[in-house]
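Source file: model-v7.txt (compact mmCIF, C-alpha atoms and all ligand atoms)
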```txt
# COMPACT_ATOMS: atom_id res chain seq x y z
CA MET Y 3 0.00 0.00 0.00
CA SER Y 4 1.23 3.50 -0.87
CA LYS Y 5 2.27 6.03 1.76
CA ILE Y 6 -0.20 8.82 2.48
CA GLU Y 7 1.92 11.44 0.64
CA THR Y 8 1.62 9.41 -2.55
CA ILE Y 9 -2.11 8.85 -2.03
CA CYS Y 10 -2.59 12.64 -1.67
CA VAL Y 11 -1.03 13.18 -5.08
CA GLN Y 12 -2.13 10.11 -7.04
CA GLY Y 13 -4.86 8.29 -5.10
CA GLY Y 14 -8.32 7.61 -6.49
CA TYR Y 15 -7.45 8.00 -10.16
CA THR Y 16 -5.24 5.98 -12.51
CA PRO Y 17 -5.62 7.15 -16.10
CA GLY Y 18 -5.15 4.70 -18.95
CA ASN Y 19 -3.24 5.33 -22.16
CA GLY Y 20 -4.15 8.64 -23.77
CA GLU Y 21 -6.52 9.59 -20.96
CA PRO Y 22 -6.34 12.96 -19.15
CA ARG Y 23 -3.59 13.22 -16.51
CA GLN Y 24 -5.75 15.47 -14.35
CA ILE Y 25 -9.14 14.15 -13.20
CA PRO Y 26 -11.89 14.90 -15.73
CA ILE Y 27 -14.74 17.17 -14.62
CA VAL Y 28 -17.87 15.31 -15.68
CA GLN Y 29 -20.20 18.29 -15.86
CA SER Y 30 -23.35 16.32 -16.62
CA THR Y 31 -26.54 15.93 -14.62
CA THR Y 32 -27.47 12.71 -16.36
CA PHE Y 33 -26.08 9.66 -18.12
CA LYS Y 34 -27.26 7.84 -21.24
CA TYR Y 35 -28.32 4.17 -21.64
CA ALA Y 36 -29.31 2.14 -24.66
CA THR Y 37 -32.09 0.17 -22.95
CA GLY Y 38 -34.40 0.67 -20.01
CA GLY Y 39 -33.30 -2.72 -18.70
CA GLU Y 40 -29.69 -1.59 -18.29
CA MET Y 41 -30.79 1.44 -16.34
CA ALA Y 42 -33.17 -0.64 -14.22
CA LYS Y 43 -30.21 -2.69 -12.98
CA LEU Y 44 -28.63 0.51 -11.66
CA PHE Y 45 -31.81 1.53 -9.87
CA ASP Y 46 -32.01 -1.91 -8.27
CA LEU Y 47 -28.34 -1.58 -7.21
CA GLU Y 48 -27.74 -4.78 -9.20
CA ALA Y 49 -25.01 -3.03 -11.20
CA SER Y 50 -22.91 -0.01 -10.35
CA GLY Y 51 -22.91 2.98 -12.66
CA TYR Y 52 -24.21 6.50 -13.03
CA PHE Y 53 -27.67 7.71 -13.89
CA TYR Y 54 -28.23 11.05 -12.17
CA SER Y 55 -25.69 13.36 -10.51
CA ARG Y 56 -27.85 14.04 -7.44
CA LEU Y 57 -26.94 10.51 -6.31
CA GLN Y 58 -23.51 9.97 -7.82
CA ASN Y 59 -21.13 11.62 -10.25
CA PRO Y 60 -17.82 10.20 -11.55
CA THR Y 61 -15.73 13.28 -10.61
CA CYS Y 62 -17.10 13.34 -7.06
CA ASP Y 63 -16.57 9.57 -6.73
CA THR Y 64 -12.95 9.84 -7.88
CA VAL Y 65 -12.21 12.38 -5.15
CA ALA Y 66 -14.19 10.37 -2.56
CA ALA Y 67 -12.05 7.33 -3.47
CA LYS Y 68 -8.88 9.33 -2.77
CA ILE Y 69 -10.15 10.48 0.65
CA CYS Y 70 -11.24 6.89 1.38
CA GLU Y 71 -7.70 5.67 0.67
CA MET Y 72 -6.17 8.47 2.76
CA GLU Y 73 -8.28 7.46 5.78
CA GLY Y 74 -7.78 3.74 5.19
CA GLY Y 75 -11.52 3.13 4.79
CA THR Y 76 -13.60 0.83 2.58
CA ALA Y 77 -16.16 3.29 1.12
CA ALA Y 78 -16.68 7.04 1.01
CA MET Y 79 -18.93 9.75 -0.38
CA LEU Y 80 -18.64 13.50 -0.83
CA THR Y 81 -21.34 15.86 0.40
CA SER Y 82 -22.00 19.51 -0.38
CA SER Y 83 -20.72 20.67 3.04
CA GLY Y 84 -19.32 19.45 6.34
CA GLN Y 85 -22.70 20.09 7.92
CA ALA Y 86 -24.33 17.72 5.43
CA ALA Y 87 -21.64 15.10 6.14
CA ASN Y 88 -22.27 15.17 9.89
CA PHE Y 89 -26.04 15.21 9.45
CA PHE Y 90 -25.94 12.23 7.07
CA ALA Y 91 -23.45 10.29 9.20
CA VAL Y 92 -25.68 10.51 12.29
CA PHE Y 93 -29.06 10.32 10.54
CA ASN Y 94 -27.93 7.19 8.70
CA VAL Y 95 -28.01 5.26 12.01
CA ALA Y 96 -30.30 7.29 14.29
CA THR Y 97 -33.89 8.24 13.66
CA CYS Y 98 -36.90 9.65 15.54
CA GLY Y 99 -36.98 8.13 19.05
CA ASP Y 100 -33.24 7.38 19.09
CA HIS Y 101 -30.43 8.87 21.15
CA VAL Y 102 -26.81 9.83 20.48
CA VAL Y 103 -23.90 10.59 22.84
CA ALA Y 104 -21.77 13.54 21.68
CA GLU Y 105 -18.72 15.21 23.08
CA SER Y 106 -19.59 18.76 24.18
CA SER Y 107 -16.66 20.70 22.70
CA ILE Y 108 -17.66 20.01 19.07
CA TYR Y 109 -17.95 22.75 16.42
CA GLY Y 110 -20.77 25.26 17.12
CA GLY Y 111 -22.53 24.48 13.84
CA THR Y 112 -22.61 20.77 14.62
CA PHE Y 113 -23.73 21.45 18.19
CA ASN Y 114 -26.67 23.46 16.84
CA LEU Y 115 -27.48 20.80 14.23
CA PHE Y 116 -27.67 18.18 17.01
CA ALA Y 117 -29.11 20.11 19.96
CA VAL Y 118 -31.71 22.14 18.02
CA THR Y 119 -32.48 20.85 14.52
CA MET Y 120 -32.06 17.10 14.96
CA LYS Y 121 -33.76 17.33 18.33
CA LYS Y 122 -36.81 18.72 16.48
CA MET Y 123 -36.63 15.57 14.33
CA GLY Y 124 -37.01 13.49 17.51
CA ILE Y 125 -33.38 12.51 18.07
CA ASP Y 126 -32.11 13.13 21.58
CA PHE Y 127 -28.49 14.01 22.37
CA THR Y 128 -26.51 13.75 25.59
CA PHE Y 129 -23.36 15.88 25.63
CA VAL Y 130 -20.34 14.83 27.68
CA ALA Y 131 -17.10 16.71 28.29
CA PRO Y 132 -14.14 15.32 26.32
CA ASP Y 133 -12.31 14.74 29.62
CA CYS Y 134 -15.33 13.33 31.49
CA SER Y 135 -14.71 10.38 33.78
CA ASP Y 136 -15.36 6.82 32.60
CA ASP Y 137 -18.42 6.75 34.88
CA GLU Y 138 -19.82 9.94 33.36
CA LEU Y 139 -19.29 8.55 29.86
CA GLU Y 140 -20.97 5.28 30.84
CA ALA Y 141 -23.93 7.13 32.39
CA ALA Y 142 -24.58 9.02 29.15
CA PHE Y 143 -25.69 5.84 27.31
CA LYS Y 144 -29.35 4.83 27.08
CA PRO Y 145 -31.02 1.69 25.71
CA ASN Y 146 -31.89 3.66 22.53
CA THR Y 147 -28.37 5.09 21.98
CA LYS Y 148 -27.30 4.54 18.36
CA ALA Y 149 -23.95 6.32 18.03
CA VAL Y 150 -21.19 8.27 19.75
CA PHE Y 151 -19.84 11.43 18.11
CA GLY Y 152 -16.71 13.54 18.66
CA GLU Y 153 -14.04 15.60 16.87
CA THR Y 154 -10.38 14.51 16.73
CA ILE Y 155 -9.44 18.13 17.50
CA ALA Y 156 -12.43 20.26 18.47
CA ASN Y 157 -13.07 23.48 16.52
CA PRO Y 158 -12.31 25.95 18.10
CA ALA Y 159 -11.83 24.53 21.61
CA LEU Y 160 -8.84 22.43 20.39
CA ARG Y 161 -9.61 19.62 22.83
CA VAL Y 162 -8.14 16.31 21.65
CA LEU Y 163 -10.51 13.34 21.66
CA ASP Y 164 -9.33 10.19 23.41
CA ILE Y 165 -10.48 8.17 20.42
CA GLU Y 166 -9.69 4.75 21.91
CA ARG Y 167 -11.60 5.48 25.12
CA PHE Y 168 -14.67 6.76 23.26
CA ALA Y 169 -14.48 3.87 20.76
CA ASP Y 170 -14.31 1.30 23.57
CA ALA Y 171 -17.32 2.85 25.30
CA ALA Y 172 -19.30 2.94 22.02
CA HIS Y 173 -18.44 -0.67 21.18
CA ALA Y 174 -19.31 -1.88 24.68
CA HIS Y 175 -22.81 -0.58 23.93
CA GLY Y 176 -22.90 -2.05 20.39
CA VAL Y 177 -22.85 1.31 18.58
CA PRO Y 178 -20.36 3.00 16.21
CA LEU Y 179 -18.04 5.89 17.00
CA ILE Y 180 -18.29 8.71 14.44
CA VAL Y 181 -15.29 11.05 14.41
CA ASP Y 182 -15.14 14.42 12.65
CA ASN Y 183 -11.50 14.49 11.53
CA THR Y 184 -11.60 17.95 9.90
CA PHE Y 185 -8.85 19.68 11.90
CA ALA Y 186 -6.35 16.81 12.09
CA THR Y 187 -6.89 15.50 8.53
CA PRO Y 188 -5.67 11.97 7.76
CA ILE Y 189 -2.15 13.44 7.47
CA ASN Y 190 -1.95 13.96 11.23
CA CYS Y 191 -4.41 11.32 12.50
CA ARG Y 192 -6.24 8.35 11.04
CA PRO Y 193 -9.04 7.68 13.54
CA PHE Y 194 -9.80 4.19 12.15
CA GLU Y 195 -6.42 3.03 13.51
CA PHE Y 196 -7.71 3.83 17.00
CA GLY Y 197 -11.12 2.19 16.70
CA ALA Y 198 -13.36 4.86 15.13
CA ASP Y 199 -15.95 3.37 12.77
CA ILE Y 200 -17.03 6.33 10.63
CA VAL Y 201 -15.03 9.47 9.82
CA THR Y 202 -16.48 12.76 8.58
CA HIS Y 203 -14.86 15.88 7.18
CA SER Y 204 -15.60 19.46 6.41
CA THR Y 205 -13.36 19.45 3.33
CA THR Y 206 -13.90 23.23 3.29
CA LYS Y 207 -10.99 23.48 5.73
CA TYR Y 208 -7.47 22.01 5.28
CA MET Y 209 -8.42 19.50 2.57
CA ASP Y 210 -9.46 22.26 0.18
CA GLY Y 211 -7.06 24.55 1.99
CA HIS Y 212 -7.44 27.62 -0.23
CA GLY Y 213 -10.88 28.88 0.79
CA SER Y 214 -12.33 27.99 -2.59
CA ALA Y 215 -15.07 25.36 -2.20
CA VAL Y 216 -17.41 24.35 0.63
CA GLY Y 217 -17.67 20.56 0.91
CA GLY Y 218 -17.80 17.49 3.11
CA ALA Y 219 -16.98 13.79 3.12
CA ILE Y 220 -18.00 10.62 4.95
CA VAL Y 221 -15.73 7.56 5.12
CA ASP Y 222 -16.62 4.10 6.45
CA SER Y 223 -13.92 1.95 8.08
CA GLY Y 224 -15.85 -1.19 7.15
CA HIS Y 225 -15.26 -2.44 10.71
CA PHE Y 226 -18.67 -2.08 12.30
CA ASP Y 227 -20.75 -5.27 12.18
CA TRP Y 228 -24.31 -4.00 11.70
CA MET Y 229 -25.74 -7.53 11.50
CA ALA Y 230 -24.28 -8.34 14.94
CA HIS Y 231 -26.49 -5.54 16.31
CA ARG Y 232 -29.38 -6.00 13.92
CA ASP Y 233 -32.10 -4.89 16.35
CA LYS Y 234 -30.41 -1.53 16.91
CA PHE Y 235 -30.00 -0.66 13.23
CA PRO Y 236 -33.14 -1.78 11.34
CA GLY Y 237 -32.37 0.81 8.63
CA LEU Y 238 -29.31 -1.20 7.66
CA THR Y 239 -30.39 -4.72 8.61
CA THR Y 240 -33.99 -5.01 7.35
CA PRO Y 241 -35.39 -4.49 3.83
CA ASP Y 242 -35.65 -0.87 2.63
CA ASP Y 243 -39.13 -0.71 1.06
CA SER Y 244 -38.27 2.68 -0.40
CA TYR Y 245 -35.37 1.12 -2.31
CA HIS Y 246 -36.60 -2.08 -3.95
CA GLY Y 247 -36.55 -4.08 -0.70
CA ILE Y 248 -32.76 -4.06 -0.36
CA THR Y 249 -31.20 -4.99 2.99
CA TYR Y 250 -28.02 -2.91 2.87
CA ALA Y 251 -25.96 -4.85 5.42
CA GLU Y 252 -26.77 -8.17 3.68
CA LYS Y 253 -26.18 -7.03 0.12
CA PHE Y 254 -23.14 -4.77 0.67
CA GLY Y 255 -21.63 -6.21 3.86
CA LYS Y 256 -19.76 -4.35 6.57
CA GLU Y 257 -17.58 -2.68 3.95
CA GLY Y 258 -20.27 -1.04 1.83
CA ALA Y 259 -23.61 -0.90 3.67
CA PHE Y 260 -23.24 2.45 5.41
CA ILE Y 261 -22.20 4.52 2.37
CA THR Y 262 -24.61 2.74 0.02
CA LYS Y 263 -27.52 3.50 2.33
CA ALA Y 264 -26.40 7.13 2.79
CA THR Y 265 -26.23 7.53 -0.99
CA ALA Y 266 -29.37 5.63 -1.96
CA GLN Y 267 -31.60 7.10 0.78
CA LEU Y 268 -30.15 10.32 2.14
CA MET Y 269 -28.55 11.77 -0.97
CA ARG Y 270 -31.63 10.76 -2.97
CA ASP Y 271 -33.99 12.48 -0.53
CA PHE Y 272 -31.98 15.47 0.75
CA GLY Y 273 -29.83 16.13 -2.31
CA SER Y 274 -26.81 17.64 -0.51
CA THR Y 275 -24.72 16.91 -3.58
CA PRO Y 276 -21.38 18.57 -4.30
CA SER Y 277 -20.81 19.93 -7.80
CA PRO Y 278 -18.19 18.17 -9.96
CA GLN Y 279 -16.40 21.55 -10.21
CA SER Y 280 -16.13 21.74 -6.41
CA ALA Y 281 -14.87 18.16 -6.25
CA TYR Y 282 -12.20 19.07 -8.81
CA LEU Y 283 -11.06 22.03 -6.68
CA LEU Y 284 -11.05 19.83 -3.59
CA ASN Y 285 -8.78 17.36 -5.39
CA LEU Y 286 -6.30 20.14 -6.23
CA GLY Y 287 -6.15 20.92 -2.52
CA LEU Y 288 -5.68 17.26 -1.57
CA GLU Y 289 -2.66 17.01 -3.88
CA SER Y 290 -0.64 19.28 -1.56
CA LEU Y 291 -2.32 18.50 1.79
CA HIS Y 292 0.68 16.61 3.21
CA VAL Y 293 3.04 19.50 2.38
CA ARG Y 294 0.70 22.17 3.72
CA MET Y 295 -0.19 20.38 6.99
CA ALA Y 296 3.47 20.16 7.98
CA ARG Y 297 3.90 23.90 7.34
CA HIS Y 298 0.64 24.84 9.13
CA CYS Y 299 1.85 22.94 12.21
CA GLU Y 300 5.37 24.38 12.06
CA ASN Y 301 4.03 27.96 11.85
CA ALA Y 302 1.45 27.42 14.59
CA ARG Y 303 4.07 26.00 16.95
CA ALA Y 304 6.36 29.01 16.32
CA VAL Y 305 3.54 31.52 16.88
CA ALA Y 306 2.27 29.66 19.98
CA GLU Y 307 5.77 29.63 21.46
CA TYR Y 308 6.10 33.36 20.82
CA LEU Y 309 2.69 34.10 22.40
CA LYS Y 310 3.70 32.17 25.52
CA THR Y 311 6.61 34.59 26.06
CA ASP Y 312 4.60 37.83 25.53
CA ASP Y 313 3.24 39.16 28.84
CA ARG Y 314 0.35 40.99 27.11
CA VAL Y 315 -1.08 37.52 26.44
CA SER Y 316 -2.96 35.95 29.36
CA TRP Y 317 -3.08 32.36 28.12
CA VAL Y 318 -2.20 30.20 25.09
CA PHE Y 319 -3.92 26.94 24.19
CA TYR Y 320 -2.29 24.66 21.65
CA PRO Y 321 -2.29 20.87 22.18
CA ASP Y 322 1.35 20.53 21.01
CA LEU Y 323 2.61 22.79 23.82
CA GLU Y 324 3.96 21.05 26.89
CA GLY Y 325 1.67 21.81 29.82
CA ASN Y 326 -1.48 21.78 27.69
CA PRO Y 327 -4.10 19.52 29.36
CA ASP Y 328 -4.27 17.42 26.18
CA TYR Y 329 -0.50 17.33 25.54
CA GLU Y 330 -0.28 13.58 26.26
CA LEU Y 331 -3.31 12.83 24.06
CA ALA Y 332 -1.79 14.96 21.28
CA LYS Y 333 1.48 13.02 21.54
CA LYS Y 334 -0.42 9.75 21.22
CA TYR Y 335 -2.93 10.63 18.50
CA LEU Y 336 -1.15 13.47 16.67
CA PRO Y 337 2.57 12.69 16.75
CA LYS Y 338 3.24 14.71 13.57
CA GLY Y 339 1.54 17.81 15.03
CA SER Y 340 -2.09 18.77 15.64
CA CYS Y 341 -3.14 21.54 13.26
CA GLY Y 342 -2.50 25.21 12.45
CA VAL Y 343 -5.08 26.60 14.85
CA ILE Y 344 -4.15 28.19 18.18
CA SER Y 345 -6.38 29.87 20.71
CA PHE Y 346 -5.27 32.49 23.19
CA GLY Y 347 -6.53 35.33 25.37
CA VAL Y 348 -5.31 38.91 25.52
CA LYS Y 349 -4.99 40.72 28.87
CA GLY Y 350 -7.88 43.21 29.14
CA GLY Y 351 -10.56 40.66 28.12
CA ARG Y 352 -13.19 41.14 25.46
CA ALA Y 353 -12.42 44.81 24.59
CA ALA Y 354 -8.67 44.23 24.29
CA ALA Y 355 -9.35 41.17 22.13
CA GLU Y 356 -11.44 43.23 19.72
CA LYS Y 357 -8.76 45.97 19.56
CA PHE Y 358 -6.06 43.38 18.91
CA MET Y 359 -8.10 41.94 16.05
CA SER Y 360 -8.51 45.30 14.32
CA ASN Y 361 -4.76 46.04 14.68
CA LEU Y 362 -3.78 42.99 12.62
CA ARG Y 363 -2.45 43.67 9.12
CA LEU Y 364 -1.46 40.30 7.67
CA CYS Y 365 -3.93 38.12 9.55
CA ALA Y 366 -7.43 38.70 8.18
CA ILE Y 367 -10.64 38.59 10.23
CA GLU Y 368 -12.72 35.79 8.74
CA THR Y 369 -15.33 33.19 9.67
CA HIS Y 370 -12.94 30.60 8.39
CA VAL Y 371 -10.05 28.48 9.54
CA ALA Y 372 -7.55 26.09 8.02
CA ASP Y 373 -6.75 28.26 5.02
CA ALA Y 374 -3.36 28.82 3.34
CA ARG Y 375 -3.79 32.47 4.43
CA THR Y 376 -3.65 33.24 8.15
CA CYS Y 377 -6.99 34.29 9.59
CA CYS Y 378 -8.36 35.23 12.96
CA LEU Y 379 -11.71 35.12 14.73
CA HIS Y 380 -13.35 36.07 18.02
CA PRO Y 381 -15.91 33.22 18.37
CA ALA Y 382 -17.96 34.65 21.27
CA SER Y 383 -19.11 37.55 19.08
CA THR Y 384 -19.45 35.58 15.81
CA THR Y 385 -19.64 31.81 15.23
CA HIS Y 386 -20.74 30.93 18.77
CA ARG Y 387 -23.04 33.88 19.44
CA GLN Y 388 -26.16 31.66 19.52
CA MET Y 389 -24.82 29.85 22.59
CA SER Y 390 -25.64 30.69 26.20
CA ASP Y 391 -22.77 31.38 28.63
CA SER Y 392 -23.02 27.91 30.14
CA GLU Y 393 -23.06 26.29 26.69
CA LEU Y 394 -19.98 28.37 25.77
CA GLU Y 395 -18.33 27.17 28.96
CA ALA Y 396 -19.15 23.54 28.09
CA ALA Y 397 -17.70 24.06 24.61
CA GLY Y 398 -14.51 25.47 26.15
CA VAL Y 399 -14.93 28.93 24.58
CA SER Y 400 -14.24 31.88 26.90
CA PRO Y 401 -15.36 35.46 26.02
CA ASP Y 402 -11.76 36.61 25.42
CA LEU Y 403 -10.81 33.63 23.26
CA ILE Y 404 -9.10 34.55 19.98
CA ARG Y 405 -8.80 31.79 17.43
CA LEU Y 406 -5.78 32.23 15.19
CA SER Y 407 -5.55 29.95 12.19
CA CYS Y 408 -1.93 30.00 11.05
CA GLY Y 409 -1.49 29.78 7.30
CA ILE Y 410 1.55 28.73 5.33
CA GLU Y 411 3.24 32.16 5.05
CA SER Y 412 6.55 32.97 6.76
CA ALA Y 413 6.35 32.29 10.51
CA GLU Y 414 8.55 35.35 11.09
CA ASP Y 415 6.07 37.64 9.31
CA LEU Y 416 3.18 36.15 11.30
CA ILE Y 417 4.96 36.71 14.61
CA ASP Y 418 5.81 40.30 13.59
CA ASP Y 419 2.16 40.98 12.77
CA VAL Y 420 0.92 39.55 16.09
CA LYS Y 421 3.62 41.51 17.96
CA GLN Y 422 2.70 44.89 16.41
CA ALA Y 423 -1.03 44.23 17.01
CA LEU Y 424 -0.35 43.49 20.70
CA GLU Y 425 1.81 46.62 21.01
CA ARG Y 426 -1.01 48.86 19.72
CA ILE Y 427 -3.79 47.59 22.02
C1 LIG Y 501 -16.40 23.86 9.56
C2 LIG Y 501 -16.68 22.62 10.28
C3 LIG Y 501 -17.86 21.92 10.08
C4 LIG Y 501 -18.93 22.40 9.13
O1 LIG Y 501 -18.46 22.31 7.82
P1 LIG Y 501 -19.01 23.20 6.60
O2 LIG Y 501 -18.19 22.70 5.46
O3 LIG Y 501 -18.79 24.62 6.94
O4 LIG Y 501 -20.45 22.88 6.45
C5 LIG Y 501 -18.04 20.74 10.77
N1 LIG Y 501 -17.12 20.29 11.65
C6 LIG Y 501 -15.97 20.94 11.87
C7 LIG Y 501 -14.98 20.40 12.84
C8 LIG Y 501 -15.71 22.14 11.20
O5 LIG Y 501 -14.56 22.79 11.45
```

Is it possible to express this structure as structure tokens?
Ligand SMILES: *Cc1c(COP(=O)(O)O)cnc(C)c1O
Amino acid sequence: MSKIETICVQGGYTPGNGEPRQIPIVQSTTFKYATGGEMAKLFDLEASGYFYSRLQNPTCDTVAAKICEMEGGTAAMLTSSGQAANFFAVFNVATCGDHVVAESSIYGGTFNLFAVTMKKMGIDFTFVAPDCSDDELEAAFKPNTKAVFGETIANPALRVLDIERFADAAHAHGVPLIVDNTFATPINCRPFEFGADIVTHSTTKYMDGHGSAVGGAIVDSGHFDWMAHRDKFPGLTTPDDSYHGITYAEKFGKEGAFITKATAQLMRDFGSTPSPQSAYLLNLGLESLHVRMARHCENARAVAEYLKTDDRVSWVFYPDLEGNPDYELAKKYLPKGSCGVISFGVKGGRAAAEKFMSNLRLCAIETHVADARTCCLHPASTTHRQMSDSELEAAGVSPDLIRLSCGIESAEDLIDDVKQALERI
């Protein structure tokens, strides 16, 4: 098997003689067949092939195959956004009347999706702190629990998930662990190696890496045995009357059932389909992901170490720094480095934080992270403003928290910019 650097560049696509070197953009909504019978086989999932781009498109599938290889999974799909990926991943196993355990420091958008929107759909969530005790984690499970959800590195709290501990707890209750691996990317962590069953991504972040296309991905490890827990997951283990009576786990096995069901049911009905153009842009980003991640981490470490020495800064939070509460977890799960994102507080609280932000010249204020260009955000007044103080607390976001996403520029220039912005508070 190829190393991940090679998969980034060449995975998912092997052109034949005279075929395009770069992946073709198949800009077509529909696909032609000579007979109705041939198309019927596709609808019955008796043959694989394309008929309508809402469900599947060759360009999107090529890029999904690369991400699948990068994560070491057995099947994958792209979605139109990270939000769609997380919604599909959870809704594929949990429905009205079910329950899910989620770690509380997850991304604000995902928290809202779970705690507000999916709750309205009748799915109940229990949130646990990433560093909760084993007893607290155990107590969060109910007889109707269908999944456990967490982020490898939480955005923006930067808590590191103890993937093995959460996977063990999930498996003890016969349910899968779903891990959002957006911030770490498979370059820095491959959650399947630690027992995660399903991985999701907002490809909008490091994978795209250039702020050009919103997107998401879901990858299946192929490890979870749905048939061994058939009563818990009737959607996978009993015939789907809405799809020609197929029983996904029987017909596609552990390796293919989850993604086939998510495509045939959820993509069909919700249509959160990425465009082939966006998939093409995502692939360009993936080709340099391994090079960029190393630089993002190197720059973030340099900036974090500088911030630690500046006495106008009240605290610095970066998992790779010794003394960080998750330093040991980061060493175990993220030995190559965590990510380019740092959080810190400026002395003088909220007002000083806002002044600091407007003093920056090189670092732009953006609702974005994980971009080649350095950007900066004050979550309490923007992305997390819908949260109450106690919810903010649970998500590990204090009112003075500044989230700095280090790009791939010169670390020296970044430090100079931060220094001059601190001086002018
Ligand atoms: C950004 C983000 C999302 C949402 O992704 P979109 O592509 O913006 O829909 C989900 N999870 C994490 C960890 C994120 O950083």

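When only C-alpha atoms and all ligand atoms are used to compute distances to ligand LIG 501 (chain Y), the closest of the residues Y:Lys5, Y:Lys144, Y:His203, Y:Lys43 turns out to be Y:His203.
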
Using all atoms listed in the file, which of Y:Ala219, Y:Ala67, Y:Ala131, Y:Ile165 sits nearest ligand LIG 501 (chain Y)? Y:Ala219

Grab me every residue within 9 Å of ligand LIG 501 (chain Y), counting all atoms listed in the file, and send it over as a PyMOL selection string. chain Y and resi 82-88+108-112+153-158+182-185+202-207+215-218+370-372

Give me the residues within 10 Å of stretch 420-425 of chain Y as a list in words, counting all atoms listed in the file and dropping any in the same chain fewer than 4 places off. Val305, Tyr308, Leu309, Asp312, Asp313, Arg314, Val315, Val348, Lys349, Ala354, Ala355, Lys357, Phe358, Met359, Ser360, Asn361, Leu362, Arg363, Leu364, Cys365, Leu406, Asp415 and Leu416 of chain Y

Compute the distance from (-26.2, 3.8, 0.9) to each atom, counting all atoms listed in the file, keep the residues with any atom at most 10 Å away, and return them as a ChimeraX atom specification; use the coordinates of the file. /Y:47,57,79,94,238,250-251,254,258-270

Around (-16.4, 36.3, 15.6) in the file's frame, which residues reach within 12 Å when counting only C-alpha atoms? Return as a VMD selection string? chain Y and resid 110 158 352 355 to 356 359 366 to 371 377 to 388 399 401 to 406

Can you write just those residues out, C-alpha atoms, as a PDB file, in the coordinates of the input?
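As written to disk, again.pdb reads:
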```
ATOM      1  CA  GLY Y 110     -20.770  25.260  17.120  1.00  0.00           C
ATOM      2  CA  PRO Y 158     -12.310  25.950  18.100  1.00  0.00           C
ATOM      3  CA  ARG Y 352     -13.190  41.140  25.460  1.00  0.00           C
ATOM      4  CA  ALA Y 355      -9.350  41.170  22.130  1.00  0.00           C
ATOM      5  CA  GLU Y 356     -11.440  43.230  19.720  1.00  0.00           C
ATOM      6  CA  MET Y 359      -8.100  41.940  16.050  1.00  0.00           C
ATOM      7  CA  ALA Y 366      -7.430  38.700   8.180  1.00  0.00           C
ATOM      8  CA  ILE Y 367     -10.640  38.590  10.230  1.00  0.00           C
ATOM      9  CA  GLU Y 368     -12.720  35.790   8.740  1.00  0.00           C
ATOM     10  CA  THR Y 369     -15.330  33.190   9.670  1.00  0.00           C
ATOM     11  CA  HIS Y 370     -12.940  30.600   8.390  1.00  0.00           C
ATOM     12  CA  VAL Y 371     -10.050  28.480   9.540  1.00  0.00           C
ATOM     13  CA  CYS Y 377      -6.990  34.290   9.590  1.00  0.00           C
ATOM     14  CA  CYS Y 378      -8.360  35.230  12.960  1.00  0.00           C
ATOM     15  CA  LEU Y 379     -11.710  35.120  14.730  1.00  0.00           C
ATOM     16  CA  HIS Y 380     -13.350  36.070  18.020  1.00  0.00           C
ATOM     17  CA  PRO Y 381     -15.910  33.220  18.370  1.00  0.00           C
ATOM     18  CA  ALA Y 382     -17.960  34.650  21.270  1.00  0.00           C
ATOM     19  CA  SER Y 383     -19.110  37.550  19.080  1.00  0.00           C
ATOM     20  CA  THR Y 384     -19.450  35.580  15.810  1.00  0.00           C
ATOM     21  CA  THR Y 385     -19.640  31.810  15.230  1.00  0.00           C
ATOM     22  CA  HIS Y 386     -20.740  30.930  18.770  1.00  0.00           C
ATOM     23  CA  ARG Y 387     -23.040  33.880  19.440  1.00  0.00           C
ATOM     24  CA  GLN Y 388     -26.160  31.660  19.520  1.00  0.00           C
ATOM     25  CA  VAL Y 399     -14.930  28.930  24.580  1.00  0.00           C
ATOM     26  CA  PRO Y 401     -15.360  35.460  26.020  1.00  0.00           C
ATOM     27  CA  ASP Y 402     -11.760  36.610  25.420  1.00  0.00           C
ATOM     28  CA  LEU Y 403     -10.810  33.630  23.260  1.00  0.00           C
ATOM     29  CA  ILE Y 404      -9.100  34.550  19.980  1.00  0.00           C
ATOM     30  CA  ARG Y 405      -8.800  31.790  17.430  1.00  0.00           C
ATOM     31  CA  LEU Y 406      -5.780  32.230  15.190  1.00  0.00           C
TER      32      LEU Y 406
END
```
